[in-house]
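Here's the structure, in structure tokens; my notes come after.
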Amino acid sequence: LGLLAQGEYRVLDAQLEEVVERRGALEARLERLGALQSANERRLRELARRGEALAGQLAQAESAFEALQAFAPANWRDIRGNGSEAQKAAERAQTLWDQAEAANAPGSGGSVEVAERALEQAEAELEQAERLLESIAARLAELRRAQATARDELEAVEAELRAHRAELARPEVAREVSSAPDAKLLEAERLLMRIRSELGADKPDWLTVMSQVQHADRLSDEAQRDIRSERESMGRRRRLLASERAEAEVALARLARFRALHPHDLGSAVHAGLEQAQDAFAEAEAAASSLETLSDEELANALEAAANRFERAQRLADESFAAAERAL
């Protein structure tokens, strides 16, 4: 009013603009705080609901921990104290909830922003309590599942091992497979012996039992895959040998027929080439005939060597045939 009376219109205009700006900022803040207060009320209700559910979970966890006493201590030692820690976290959450409720109440003089921070801390405490209690329930369920299924799974793995051992004992399999599958089967069998011993205890360590059963099962599967893979590799070598032999036979027969048709038209080099190819073929046949006395790695190497010899015989025959055609 003083500025208006003095005619200081420019200064007056600037100050009026600042008043409007501050009023707008204040209205926006009041609106935000009102929305925050409403959001806090919703979070308070949700946390109250979770707190009530947590009270029931605490009671269940106490019963679950009593049930865990029937199992070997090694199976639940790592979660000992989780129930009491969850109780403490729940109590801290309740204290923070009370503080948030008081700060958020209309007309209390409290700060809704303080209430928001308290609610965030209370939620973190509740989440921690829930995780601790879930670990107890999950461990009990895991142990009961192991107790109920371990013996059946053990017998299933034992049956698999017997089947793989019987397959490996077949002469046609044993001579084509290395010692690797046998070593894995032996390791699995030793594991199962230790498991049988553990099952005789008053309180078996079910988690270790299940872990070892699963490990034995993996070893059994790996042994089976190794047997199949090594036999397939040996089969590929045998097929390659048969293919190289057949191709060499065809090449030699073609060269022999060509020489028979042109006995006087070919030079001595062609005749020598045929003899050299025939000698290489005979060496390959001799190498192939000794395969039945070999096994495992020696057999694999011998199959490859014999196939290479037949391939050499074919190459020599093809080279001599090409030379014979050029000589005509």
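Each chain in the structure tokens gets a letter, A, B and so on, in the order shown; residues start at 1 in every chain, and ligands are counted from 1 in the order they appear.
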Shell around A:Arg151 at 10 Å using only C-alpha atoms, local window under 6 positions removed, as an MDAnalysis selection string: chainID A and resid 157 195:196 199 209:210 213
Save out the residues we just selected, C-alpha atoms, as an mmCIF file, in the first residue's frame.
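Contents of selection07.cif, as written:
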data_model
loop_
_atom_site.group_PDB
_atom_site.id
_atom_site.type_symbol
_atom_site.label_atom_id
_atom_site.label_comp_id
_atom_site.auth_asym_id
_atom_site.auth_seq_id
_atom_site.Cartn_x
_atom_site.Cartn_y
_atom_site.Cartn_z
ATOM 1 C CA VAL A 157 20.043 -94.694 -9.126
ATOM 2 C CA ILE A 195 24.634 -93.013 1.578
ATOM 3 C CA ARG A 196 23.497 -96.444 2.763
ATOM 4 C CA LEU A 199 20.746 -93.869 6.281
ATOM 5 C CA VAL A 209 22.033 -87.745 1.422
ATOM 6 C CA MET A 210 20.016 -86.017 -1.290
ATOM 7 C CA VAL A 213 22.203 -89.224 -4.470
#
Any idea what's packed within 9 Å of A:Leu133, counting only C-alpha atoms, ignoring anything in its chain fewer than 3 positions away? Could you give it as an mmCIF file with N, CA, C and O atoms, in the first residue's frame?
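Saved as result.cif:
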data_model
loop_
_atom_site.group_PDB
_atom_site.id
_atom_site.type_symbol
_atom_site.label_atom_id
_atom_site.label_comp_id
_atom_site.auth_asym_id
_atom_site.auth_seq_id
_atom_site.Cartn_x
_atom_site.Cartn_y
_atom_site.Cartn_z
ATOM 1 N N LEU A 54 2.187 -61.625 9.732
ATOM 2 C CA LEU A 54 3.491 -62.005 10.269
ATOM 3 C C LEU A 54 3.364 -62.634 11.651
ATOM 4 O O LEU A 54 4.127 -63.542 11.997
ATOM 5 N N GLN A 57 2.735 -66.118 11.088
ATOM 6 C CA GLN A 57 3.938 -66.784 10.579
ATOM 7 C C GLN A 57 4.938 -67.041 11.699
ATOM 8 O O GLN A 57 5.644 -68.059 11.691
ATOM 9 N N LEU A 58 5.007 -66.132 12.659
ATOM 10 C CA LEU A 58 5.907 -66.337 13.796
ATOM 11 C C LEU A 58 5.493 -67.564 14.602
ATOM 12 O O LEU A 58 6.341 -68.361 15.023
ATOM 13 N N GLN A 60 3.809 -70.123 13.412
ATOM 14 C CA GLN A 60 4.105 -71.285 12.580
ATOM 15 C C GLN A 60 5.597 -71.610 12.590
ATOM 16 O O GLN A 60 5.985 -72.776 12.596
ATOM 17 N N ALA A 61 6.424 -70.569 12.593
ATOM 18 C CA ALA A 61 7.867 -70.788 12.598
ATOM 19 C C ALA A 61 8.307 -71.473 13.884
ATOM 20 O O ALA A 61 9.213 -72.316 13.881
ATOM 21 N N ASN A 82 16.909 -67.721 13.450
ATOM 22 C CA ASN A 82 16.140 -66.928 12.489
ATOM 23 C C ASN A 82 14.793 -66.491 13.051
ATOM 24 O O ASN A 82 14.307 -65.398 12.763
ATOM 25 N N GLY A 83 14.189 -67.353 13.892
ATOM 26 C CA GLY A 83 12.899 -67.009 14.468
ATOM 27 C C GLY A 83 12.995 -65.823 15.410
ATOM 28 O O GLY A 83 12.176 -64.894 15.346
ATOM 29 N N ALA A 86 13.618 -62.694 13.489
ATOM 30 C CA ALA A 86 12.389 -62.240 12.849
ATOM 31 C C ALA A 86 11.490 -61.529 13.853
ATOM 32 O O ALA A 86 10.851 -60.514 13.524
ATOM 33 N N GLN A 128 12.528 -58.183 6.022
ATOM 34 C CA GLN A 128 13.580 -58.993 6.635
ATOM 35 C C GLN A 128 12.980 -60.102 7.493
ATOM 36 O O GLN A 128 13.412 -61.254 7.437
ATOM 37 N N ALA A 129 11.970 -59.760 8.284
ATOM 38 C CA ALA A 129 11.310 -60.763 9.127
ATOM 39 C C ALA A 129 10.684 -61.853 8.272
ATOM 40 O O ALA A 129 10.779 -63.050 8.585
ATOM 41 N N GLU A 130 10.037 -61.452 7.178
ATOM 42 C CA GLU A 130 9.385 -62.431 6.297
ATOM 43 C C GLU A 130 10.409 -63.379 5.673
ATOM 44 O O GLU A 130 10.181 -64.593 5.586
ATOM 45 N N ILE A 136 12.906 -70.749 7.388
ATOM 46 C CA ILE A 136 12.601 -71.858 8.302
ATOM 47 C C ILE A 136 11.593 -72.805 7.659
ATOM 48 O O ILE A 136 11.783 -74.028 7.637
ATOM 49 N N ALA A 137 10.503 -72.245 7.128
ATOM 50 C CA ALA A 137 9.474 -73.074 6.499
ATOM 51 C C ALA A 137 10.036 -73.822 5.291
ATOM 52 O O ALA A 137 9.739 -75.008 5.087
ATOM 53 N N ALA A 138 10.874 -73.140 4.497
ATOM 54 C CA ALA A 138 11.440 -73.780 3.313
ATOM 55 C C ALA A 138 12.370 -74.919 3.695
ATOM 56 O O ALA A 138 12.378 -75.975 3.048
#
Give me, as a tab-separated table, the closest atom pair and its distance (Å, one decimal) for every residue of stretch 154-247 of chain A within a cut-off of 6 Å of stretch 304-323 of chain A, counting only C-alpha atoms, rows sorted by chain and rising number.
residue	atom	partner	partner_atom	distance
A:Leu241	CA	A:Ala307	CA	4.5
A:Glu244	CA	A:Phe310	CA	5.5
A:Arg245	CA	A:Phe310	CA	5.4
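Rounded to one decimal, atom CA of A:Lys184 and atom CA of A:Glu160 lie 12.8 Å from each other.
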Mind running stretch 186-210 of chain A against stretch 71-79 of chain A at 12 Å and telling me each contacting residue's nearest atom pair with the distance in Å (one decimal), counting only C-alpha atoms, chain and number ascending, as CSV?
residue,atom,partner,partner_atom,distance
A:Glu198,CA,A:Ala72,CA,11.2
A:Leu199,CA,A:Ala72,CA,11.6
A:Ala201,CA,A:Ala72,CA,9.6
A:Asp202,CA,A:Ala72,CA,8.6
A:Lys203,CA,A:Ala72,CA,5.1
A:Pro204,CA,A:Ala72,CA,6.2
A:Asp205,CA,A:Ala72,CA,5.6
A:Trp206,CA,A:Asn75,CA,7.3
A:Leu207,CA,A:Asn75,CA,6.5
A:Thr208,CA,A:Asn75,CA,8.4
A:Val209,CA,A:Asn75,CA,10.8
A:Met210,CA,A:Asn75,CA,11.6
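Each of A:Val177, A:Ala166, A:Ala183, A:Ala35 was compared to A:Glu232 using only C-alpha atoms, and A:Val177 turns out to be the nearest.
For the atom pair formed by atom CA of A:Arg237 and atom CA of A:Ala286, the distance is 17.0 Å, given to one decimal.
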For A:Ala288, the nearest of the candidates A:Leu186, A:Leu16, A:Ala242, A:Ala174, counting only C-alpha atoms: A:Ala242
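Distance-wise, atom CA of A:Leu68 and atom CA of A:Leu126 end up 23.9 Å apart.
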Alpha helix (DSSP H) positions in stretch 50-140 of chain A, given as a ChimeraX atom specification: /A:50-68,82-104,112-140
Next, dump the selected residues to file, keeping only C-alpha atoms, as a short mmCIF file (atom, residue, chain, number, x, y, z; two decimals), in the first residue's frame.
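Resulting contents of result-v8.cif:
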data_model
loop_
_atom_site.label_atom_id
_atom_site.label_comp_id
_atom_site.auth_asym_id
_atom_site.auth_seq_id
_atom_site.Cartn_x
_atom_site.Cartn_y
_atom_site.Cartn_z
CA ARG A 50 1.19 -57.67 6.80
CA GLY A 51 1.96 -57.33 10.50
CA GLU A 52 -1.07 -59.42 11.40
CA ALA A 53 -0.05 -62.07 8.88
CA LEU A 54 3.49 -62.01 10.27
CA ALA A 55 2.19 -62.74 13.75
CA GLY A 56 0.71 -65.97 12.41
CA GLN A 57 3.94 -66.78 10.58
CA LEU A 58 5.91 -66.34 13.80
CA ALA A 59 3.71 -68.90 15.51
CA GLN A 60 4.10 -71.29 12.58
CA ALA A 61 7.87 -70.79 12.60
CA GLU A 62 8.00 -71.78 16.26
CA SER A 63 6.18 -75.02 15.46
CA ALA A 64 8.40 -75.57 12.41
CA PHE A 65 11.54 -75.17 14.48
CA GLU A 66 10.26 -77.70 16.97
CA ALA A 67 9.71 -80.11 14.05
CA LEU A 68 13.28 -79.48 12.87
CA ASN A 82 16.14 -66.93 12.49
CA GLY A 83 12.90 -67.01 14.47
CA SER A 84 14.16 -64.71 17.24
CA GLU A 85 15.71 -62.36 14.68
CA ALA A 86 12.39 -62.24 12.85
CA GLN A 87 10.63 -61.42 16.13
CA LYS A 88 13.02 -58.53 16.76
CA ALA A 89 12.55 -57.22 13.24
CA ALA A 90 8.76 -57.39 13.70
CA GLU A 91 9.00 -55.42 16.94
CA ARG A 92 11.12 -52.74 15.27
CA ALA A 93 8.60 -52.58 12.45
CA GLN A 94 5.77 -52.09 14.97
CA THR A 95 7.64 -49.22 16.66
CA LEU A 96 8.24 -47.53 13.32
CA TRP A 97 4.60 -48.06 12.36
CA ASP A 98 3.45 -46.35 15.57
CA GLN A 99 5.75 -43.41 14.87
CA ALA A 100 4.49 -43.13 11.30
CA GLU A 101 0.85 -43.27 12.38
CA ALA A 102 1.37 -40.50 14.94
CA ALA A 103 3.29 -38.25 12.52
CA ASN A 104 0.76 -38.74 9.74
CA VAL A 112 3.97 -36.57 6.79
CA GLU A 113 7.48 -36.72 5.30
CA VAL A 114 8.79 -38.07 8.61
CA ALA A 115 5.94 -40.59 8.52
CA GLU A 116 6.96 -41.61 4.99
CA ARG A 117 10.55 -42.33 6.07
CA ALA A 118 9.35 -44.31 9.07
CA LEU A 119 7.09 -46.37 6.83
CA GLU A 120 9.97 -47.16 4.47
CA GLN A 121 12.04 -48.42 7.40
CA ALA A 122 9.10 -50.40 8.77
CA GLU A 123 8.60 -52.10 5.38
CA ALA A 124 12.28 -53.04 5.25
CA GLU A 125 12.06 -54.59 8.73
CA LEU A 126 8.93 -56.55 7.78
CA GLU A 127 10.59 -57.84 4.60
CA GLN A 128 13.58 -58.99 6.63
CA ALA A 129 11.31 -60.76 9.13
CA GLU A 130 9.38 -62.43 6.30
CA ARG A 131 12.59 -63.68 4.66
CA LEU A 132 13.84 -65.13 7.93
CA LEU A 133 10.58 -66.96 8.58
CA GLU A 134 10.36 -68.21 5.00
CA SER A 135 13.83 -69.76 5.36
CA ILE A 136 12.60 -71.86 8.30
CA ALA A 137 9.47 -73.07 6.50
CA ALA A 138 11.44 -73.78 3.31
CA ARG A 139 14.09 -75.79 5.16
CA LEU A 140 11.50 -77.94 6.93
#
Residue neighbourhood A:Ala216, 12 Å, only C-alpha atoms, exclusion window fewer than 3 positions, as a PyMOL selection string: chain A and resi 153-161+184-195+209-213+219-223
Would you save the residues from that selection as a PDB file, in the first residue's frame, using C-alpha atoms?
ATOM      1  CA  GLU A 153      15.715 -92.041  -5.592  1.00  0.00           C
ATOM      2  CA  LEU A 154      18.601 -94.034  -4.153  1.00  0.00           C
ATOM      3  CA  GLU A 155      17.077 -97.293  -5.376  1.00  0.00           C
ATOM      4  CA  ALA A 156      16.418 -95.781  -8.798  1.00  0.00           C
ATOM      5  CA  VAL A 157      20.043 -94.694  -9.126  1.00  0.00           C
ATOM      6  CA  GLU A 158      21.231 -98.109  -7.959  1.00  0.00           C
ATOM      7  CA  ALA A 159      19.098 -99.735 -10.668  1.00  0.00           C
ATOM      8  CA  GLU A 160      20.570 -97.400 -13.287  1.00  0.00           C
ATOM      9  CA  LEU A 161      24.097 -98.197 -12.152  1.00  0.00           C
ATOM     10  CA  LYS A 184      32.499 -92.732 -13.008  1.00  0.00           C
ATOM     11  CA  LEU A 185      30.367 -95.776 -12.231  1.00  0.00           C
ATOM     12  CA  LEU A 186      32.818 -96.785  -9.515  1.00  0.00           C
ATOM     13  CA  GLU A 187      32.700 -93.311  -7.960  1.00  0.00           C
ATOM     14  CA  ALA A 188      28.894 -93.376  -8.012  1.00  0.00           C
ATOM     15  CA  GLU A 189      28.834 -96.833  -6.403  1.00  0.00           C
ATOM     16  CA  ARG A 190      31.110 -95.646  -3.601  1.00  0.00           C
ATOM     17  CA  LEU A 191      28.848 -92.659  -3.030  1.00  0.00           C
ATOM     18  CA  LEU A 192      25.839 -94.937  -2.711  1.00  0.00           C
ATOM     19  CA  MET A 193      27.673 -97.074  -0.175  1.00  0.00           C
ATOM     20  CA  ARG A 194      28.287 -93.978   1.970  1.00  0.00           C
ATOM     21  CA  ILE A 195      24.634 -93.013   1.578  1.00  0.00           C
ATOM     22  CA  VAL A 209      22.033 -87.745   1.422  1.00  0.00           C
ATOM     23  CA  MET A 210      20.016 -86.017  -1.290  1.00  0.00           C
ATOM     24  CA  SER A 211      23.051 -84.119  -2.543  1.00  0.00           C
ATOM     25  CA  GLN A 212      25.056 -87.326  -2.824  1.00  0.00           C
ATOM     26  CA  VAL A 213      22.203 -89.224  -4.470  1.00  0.00           C
ATOM     27  CA  LEU A 219      27.806 -89.595 -12.567  1.00  0.00           C
ATOM     28  CA  SER A 220      25.609 -92.451 -13.751  1.00  0.00           C
ATOM     29  CA  ASP A 221      24.186 -90.299 -16.549  1.00  0.00           C
ATOM     30  CA  GLU A 222      27.649 -89.083 -17.539  1.00  0.00           C
ATOM     31  CA  ALA A 223      28.929 -92.669 -17.660  1.00  0.00           C
TER      32      ALA A 223
END
